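Structure, as structure tokens:
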Amino acid sequence: MSKSTIHSSKATTTCYHCGEACQDEILHFDQKDFCCTGCKLVYEVLNENDLCTYYDIADQPGLTQKASSRKENRFDYLDDQDVIKKLVDFQNEEESHITFTIPLIHCASCIWLLENLHKLNSGIISGRVDFIKKKVQVKFQQSQISLKEVVLLLSKIGYEPTINLADVEKKKVNVTDKKLIIKLAVAGFCFGNMMLFSLPEYFAEAELLGNGFKKTFNYLNVLLALPIFFYAATDYYRSAWLSVKNKAVNMDVPIAIGIVTLFFYSLYDIFFLLNEGYMDTLGGLLFFLLIGKYYQQKTYDTLSFDRDYRSYFPVAVTKLVKEEEEVIPLIKLNVGDIIKVRNEELIPADSILLEGNAYIDYSFVTGEEIPVVKKKGELIYAGGRQKGKALTLTVQKSPSQGYLTDLWNSDSFEKERTHSLESLATRISGKFTFTVIFIAMVAFIFWAYQGQLSLAVLSFTSVLIITCPCALAMSTPFTLGNTLRVFGQGKFYLKNAHVIEKMAQVDTVIFDKTGTLTAPAQAKVTYSGEDLSPESKSIIKALVNQSTHALSNRINAWLDGVKTVVIDEVKEFSGQGLLGTYKNQEVRLGSADFVNSQVLVEREGGNVVFFSVEGVVIGHFFIQSGLRKDIDRVVAEIKMGMDVHFLSGDQDHERANLKRIFGNDVLMNFNQSPSDKLAYIEKLNRRGLNTLMVGDGLNDAGALRASQVGVAITDKITNFSPASDAIMDAEVMPKLPSFLQFAKTSRKIIKASFGLSFTYNTVGVFFAVQGLVSPVFCAILMPISSISVVIFTTLATNYLAYKRGLKSKIW
Amino acid sequence: MEVIFVLIAISLILAGSFLFLFFRAMKGGQFEDSHTPAIRILFENKKLTKDKKVPSTKTK
């Protein structure tokens with residue numbers, strides 16, 4: 001609705017359903033107050049079905065239903081069998097299972113209601129909520145209720161699921177780290193038992209048990225080593241093999257060599273030499289390695305790092321065929337089709353406006369939250385959201401070929417990004433492996449030359465076993481895993497641990513301007529015209545109080561502390577302005593057309609809002625988006641060690657202003673289209689620079705993807721953010737230099753712990769070449785080296801993060 | 001001392017069955033959502049005294 005009547009005098013009662021102040025109207029039903037028919041309807045449905053416990057679990061648990069669309073045919077596409085097949089998780093002759101994402105889930109009442117759906121409709125078998133992921137799995141019998149009816153029922157009780165293009169295009173494969181946990185459990189089980197059976201060996205002198213026991217224990221160890229060798233360690237063989245095939249040596253190569261040597265030498269030792277072997281060491285090695293691997297895999301369930309435009313675009317559009325509305329799936333939309341886009345709906349494809357007043361909010365594409373007006377015949381790019389009455393458009397390009405979406409057809413999205421930077425561990429492990437093999441060979445040749453062949457074999461295998469880079473392999477995952485957690489606590493969420501190593505090498509930082517450098521909350525409002533009396537200020541304040549428009553909010557913030565007056569009736573005309581009556585005088589606040597301003601004030605780089613009383617223009621506000629707090633300091637700090645570039649989709653009228661604040665050495669580029677931004681980053685990459693892109697909108701998605709590290713800034717973490725390597729809460733943006741610095745620090749910590757583990761290895765090799773390594777020796781040195789490395793990295797990262805102010809307390 | 005063989009067998013079987021139970025729990029999805037069950041358990045199962053009419057299946 002573009003017009004709404006507001007009686008500000010009645011703003012005292014709150015809605016029984018959603019708890020919001022009843023402003024427009026108060027509906028009485030069942031001795032309860034409701035703010036809108038939507039809320040009342042939900043209550044009625046629940047009341048009818050005896051589900052009012054919903055209101056007992058949490059106070060006013062609902063969410064306002066004012067904005068929700070009541071169009072019945074908007075889910076018609078859910079009758080399409082193709083669409084159904086792609087959406088459901090499981091389907092047989094009788095029942096279907098489907099998982100919906102419902103962002104509105106926010107309290108215990110929501111869980112209760114959604115899990116009692118079967119009481120609303122007998123066709124529904126059950127509902128099960130995952131609160132953290134905001135998902136509900138519904139099982140229903142399709143003979144009794146169709147998918148469309150399920151969705152309609154959900155939206156009727158105020159929980160409309162979001163179904164977007166990504167749900168239809170590809171089914172998300174749930175690749176959890178389940179496998180890793182199972183491997184870890186197997187390794188833990190085997191290792192624990194092996195330790196038990198090996199314990200008598202450590203006190204071999206004491207002769208606690210007879211010979212029969214000793215043998216049995218050894219055979220049991222072999223038995224327990226089988227699942228470890230053939231199951232728990234498989235990832236290492238695969239990774240090592242892949243790396244060797246690519247003629248490189250990564251960390252897993254020496255690990256795999258160590259595991260294989262340990263296993264086969266132990267078999268030989270147990271069955272032929274009748275000794276005790278090193279099976280317990282093998283078990284411990286795998287157990288610790290897998291713990292390290294698990295620790296590194298910190299995931300943030302509520303965040304998504306790989307959303308593209310498909311996660312945001314609707315599944316269906318309303319197509320007009322001979323004046324008849326028809327809801328079709330977006331994938332079936334063709335160039336030349338006439339479509340209808342209603343209030344709050346997204347423009348699904350680049351199209352030309354045929355009819356209606358377009359007032360398009362591109363906040364999610366560009367980060368600029370003030371909607372823009374488009375006239376008839378103008379091209380409207382996909383991704384904008386209409387605010388106001390319905391539009392009729394003719395499609396110019398298919399949804400995947402538009403100005404914005406074309407980005408995803410670029411090469412950089414085609415293939416999985418290859419990690420162009422090798423990690424520290426990989427670089428070292430090459431040299432490490434060759435050195436170890438060289439030492440082992442020398443020891444072998446030396447003893448063989450001396451005529452002691454068995455000692456030669458022993459020293460050869462001992463070197464491989466003792467230098468198995470357990471500690472080396474643990475230092476990286478634990479340091480990075482810990483850094484990941486430190487960053488996460490600081491509201492800087494990384495996709496995976498690998499990002500930290502890339503961050504440490506960044507030498508060029510590129511900022512998007514709108515929404516990244518600038519922030520809506522920091523708007524600069526200037527007023528010119530006749531001086532405003534306190535009364536006028538109060539009137540303006542009262543007007544903007546009734547509106548949620550971005551410009552109203554900014555003026556409201558500018559008038560902070562001003563008292564409001566009572567205005568009889570405030571009407572909001574979408575895309576134009578606010579109209580109110582005060583002391584029988586008509587007051588208007590809005591665009592030049594709206595107030596009938598004779599003086600056209602054209603000012604670039606901002607929005608102009610006029611204020612008029614009884615048709616006489618009193619003055620105007622000029623509203624510019626302001627820079628984020630502390631951003632000049634952030635840029636100055638980053639500039640000390642790195643190059644800084646700005647990319648902006650806007651005209652360059654702010655260049656001088658930005659130059660003054662950030663200095664002349666910042667490279668600024670204006671008028672950049674989404675593809676230009678992508679190309680710009682690729683150009684920098686080709687010059688061998690390590691780039692970090694900071695952006696926020698979908699138009700930065702290409703640049704975020706192409707850069708070594710893409711950081712998406714968002715004001716609300718759970719909000720939409722484009723695909724990126726890291727998501728940063730806008731409020732911690734001032735800490736960006738510290739985060740970059742700390743990434744470098746964690747690299748140094750890894751280096752230091754490498755040093756530590758080399759010390760152990762040197763000691764180990766010293767004994768190994770002489771053939772003096774025994775299972776007991778292994779059993780002592782191995783855990784000591786691993787555990788001390790883990791303790792060292794954990795302490796160091798935590799302490800340094802605390803010292804740098806990235807953590808509030810050490811633990 | 002031969003009783004140790006029996007004890008070892010028992011201990012292995014015990015530990016093995018715990019491992020098996022863990023696998024089953026993993027597979028059953030017990031570790032996937034650690035938050036919702038904590039809320040769910042607090043809901044009371046309201047006993048309905050009056051016969052509730054079967055809700056209509058048709059949507060308006």
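To be explicit about the labels: the chains of the structure tokens are called A, B, and onward in the order shown, and within each one the residues are counted from 1, while ligands get numbers from 1 in the order they are shown.
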- [ ] Please determine the contact residues of chain A with respect to chain B at a cut-off of 8 Å, counting only C-alpha atoms, and supply them as a ChimeraX atom specification.
- [x] /A:49,108,111-112,119-123,129-132,144-145,149,152-153,178,182,185-186,189,193
TODO: Show which residues sit within 6 Å of region 239-250 of chain A, as a ChimeraX atom specification. Count only C-alpha atoms, and ignore same-chain residues fewer than 4 positions away.
DONE: /A:426,429-430
Open item on the list: Set the distance at 9 Å and use only C-alpha atoms: which residues neighbour Pro371 (chain A) once local chain neighbours fewer than 4 positions away are removed? I'd like the list as number ranges by chain.
Closed with: A: 359-363, 384-387, 550, 575
Task: Selection near region 343-347 of chain A, 8 Å with only C-alpha atoms, sequence-local residues under 6 positions removed, as an NGL selection string - done: :A and (1 or 313-314 or 380-390)
TODO: For Gln770 (chain A), please output as a ChimeraX atom specification all residues within 12 Å (counting only C-alpha atoms; exclusion window: fewer than 3 positions along the same chain).
DONE: /A:439-440,442-444,446-447,452,455-463,763-767,773-774
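Between CA of Thr516 (chain A) and CA of Lys397 (chain A) the separation is 29.4 Å.
With CA of Lys502 (chain A) on one side and CA of Leu658 (chain A) on the other, the separation reads 28.9 Å.
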TODO: Report the distance between CA of Thr691 (chain A) and CA of Asp507 (chain A) in Å, rounded to one decimal place.
DONE: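 Atom-to-atom, CA of Thr691 (chain A) to CA of Asp507 (chain A), that is 6.4 Å.
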Report as a short mmCIF file (atom, residue, chain, number, x, y, z; two decimals) with N, CA and C atoms, in the first residue's frame all protein, DNA and RNA residues lying within 8 Å of Phe478 (chain A), evaluated on only C-alpha atoms, omitting residues in the same chain fewer than 5 positions from it.
data_model
loop_
_atom_site.label_atom_id
_atom_site.label_comp_id
_atom_site.auth_asym_id
_atom_site.auth_seq_id
_atom_site.Cartn_x
_atom_site.Cartn_y
_atom_site.Cartn_z
N GLY A 292 43.69 -32.14 15.12
CA GLY A 292 44.15 -30.88 14.52
C GLY A 292 43.30 -30.50 13.33
N TYR A 295 39.93 -29.33 14.48
CA TYR A 295 40.00 -28.03 15.13
C TYR A 295 40.03 -26.90 14.10
N GLN A 296 40.63 -27.21 12.98
CA GLN A 296 40.78 -26.19 11.94
C GLN A 296 39.46 -25.90 11.25
N VAL A 790 51.20 -27.88 20.36
CA VAL A 790 49.82 -27.41 20.47
C VAL A 790 49.70 -26.36 21.58
N THR A 793 51.35 -23.00 20.42
CA THR A 793 50.59 -22.18 19.46
C THR A 793 49.33 -21.60 20.10
N THR A 794 48.66 -22.41 20.92
CA THR A 794 47.44 -21.93 21.54
C THR A 794 47.73 -20.76 22.47
#
- [ ] Using only C-alpha atoms, determine which residues lie at most 8 Å from region 586-597 of chain A, disregarding the query and same-chain residues fewer than 3 positions distant; provide the list as a PyMOL selection string.
- [x] chain A and resi 540+543+576-582+600+608-615+617
Selection file, N, CA and C atoms, as a CSV table (one decimal), in the first residue's frame:
chain,number,residue,atom,x,y,z
A,540,ILE,N,8.4,18.8,11.4
A,540,ILE,CA,9.2,17.9,10.6
A,540,ILE,C,9.5,16.6,11.3
A,543,LEU,N,6.5,14.5,11.3
A,543,LEU,CA,6.3,13.9,10.0
A,543,LEU,C,7.2,12.7,9.8
A,576,GLN,N,7.5,9.9,-3.3
A,576,GLN,CA,7.3,11.3,-3.4
A,576,GLN,C,7.5,12.0,-2.1
A,577,GLY,N,6.8,11.7,-1.0
A,577,GLY,CA,7.0,12.4,0.2
A,577,GLY,C,5.9,12.2,1.2
A,578,LEU,N,6.0,13.1,2.2
A,578,LEU,CA,5.0,12.9,3.3
A,578,LEU,C,4.1,14.2,3.3
A,579,LEU,N,2.8,13.9,3.7
A,579,LEU,CA,1.9,15.0,3.7
A,579,LEU,C,1.2,15.0,5.1
A,580,GLY,N,1.1,16.1,5.7
A,580,GLY,CA,0.4,16.1,7.0
A,580,GLY,C,-0.4,17.4,7.2
A,581,THR,N,-1.2,17.4,8.2
A,581,THR,CA,-2.0,18.7,8.5
A,581,THR,C,-1.7,19.1,9.9
A,582,TYR,N,-1.3,20.3,10.0
A,582,TYR,CA,-1.0,20.8,11.4
A,582,TYR,C,-1.6,22.2,11.5
A,600,LEU,N,14.4,24.8,-8.8
A,600,LEU,CA,14.9,23.4,-8.9
A,600,LEU,C,16.3,23.4,-8.3
A,608,VAL,N,17.8,15.6,-2.2
A,608,VAL,CA,17.3,16.9,-1.8
A,608,VAL,C,15.9,16.6,-1.3
A,609,VAL,N,15.5,17.1,-0.1
A,609,VAL,CA,14.2,17.0,0.4
A,609,VAL,C,13.6,18.4,0.7
A,610,PHE,N,12.5,18.7,0.2
A,610,PHE,CA,11.9,20.0,0.4
A,610,PHE,C,10.9,20.0,1.5
A,611,PHE,N,10.7,21.2,2.1
A,611,PHE,CA,9.8,21.3,3.2
A,611,PHE,C,8.9,22.5,2.8
A,612,SER,N,7.6,22.3,2.7
A,612,SER,CA,6.7,23.4,2.4
A,612,SER,C,5.5,23.4,3.3
A,613,VAL,N,5.0,24.6,3.5
A,613,VAL,CA,3.8,24.8,4.4
A,613,VAL,C,2.8,25.5,3.5
A,614,GLU,N,1.6,25.0,3.3
A,614,GLU,CA,0.5,25.6,2.5
A,614,GLU,C,1.0,25.9,1.1
A,615,GLY,N,1.8,25.0,0.6
A,615,GLY,CA,2.3,25.2,-0.8
A,615,GLY,C,3.5,26.2,-0.9
A,617,VAL,N,7.3,26.9,-0.3
A,617,VAL,CA,8.5,26.2,0.1
A,617,VAL,C,9.3,27.0,1.1
- [ ] Point out the residue among A:Phe742, A:Phe271, A:Tyr43, A:Tyr309 with the least atom-to-atom distance to Met503 (chain A), counting only C-alpha atoms.
- [x] A:Phe742
Open item on the list: I need the residues of region 53-156 of chain A that end up classed as strand (DSSP E) by DSSP on the backbone, written out as a PyMOL selection string.
Closed with: chain A and resi 90-91+95-101+124-130+135-141
Save out the residues we just selected, C-alpha atoms, as a PDB file, in the first residue's frame.
ATOM      1  CA  PHE A  90      12.224 -36.844  -0.349  1.00  0.00           C
ATOM      2  CA  GLN A  91       9.067 -38.034  -2.006  1.00  0.00           C
ATOM      3  CA  GLU A  95       4.459 -38.541   1.664  1.00  0.00           C
ATOM      4  CA  SER A  96       6.824 -35.704   0.849  1.00  0.00           C
ATOM      5  CA  HIS A  97       9.521 -34.176   3.000  1.00  0.00           C
ATOM      6  CA  ILE A  98      10.606 -30.634   2.419  1.00  0.00           C
ATOM      7  CA  THR A  99      12.875 -28.251   4.285  1.00  0.00           C
ATOM      8  CA  PHE A 100      11.898 -24.600   4.336  1.00  0.00           C
ATOM      9  CA  THR A 101      14.011 -21.680   5.393  1.00  0.00           C
ATOM     10  CA  ILE A 124       0.730 -32.663   7.677  1.00  0.00           C
ATOM     11  CA  ILE A 125       2.542 -35.437   9.462  1.00  0.00           C
ATOM     12  CA  SER A 126       5.095 -33.412  11.373  1.00  0.00           C
ATOM     13  CA  GLY A 127       7.236 -30.338  11.458  1.00  0.00           C
ATOM     14  CA  ARG A 128      10.697 -30.171  12.931  1.00  0.00           C
ATOM     15  CA  VAL A 129      12.550 -26.946  13.570  1.00  0.00           C
ATOM     16  CA  ASP A 130      16.261 -26.300  13.517  1.00  0.00           C
ATOM     17  CA  LYS A 135      14.832 -24.155   9.047  1.00  0.00           C
ATOM     18  CA  VAL A 136      11.832 -26.368   9.429  1.00  0.00           C
ATOM     19  CA  GLN A 137      11.398 -29.777   7.909  1.00  0.00           C
ATOM     20  CA  VAL A 138       7.788 -30.551   7.108  1.00  0.00           C
ATOM     21  CA  LYS A 139       6.534 -34.012   6.293  1.00  0.00           C
ATOM     22  CA  PHE A 140       3.142 -34.176   4.650  1.00  0.00           C
ATOM     23  CA  GLN A 141       0.879 -36.517   2.707  1.00  0.00           C
TER      24      GLN A 141
END
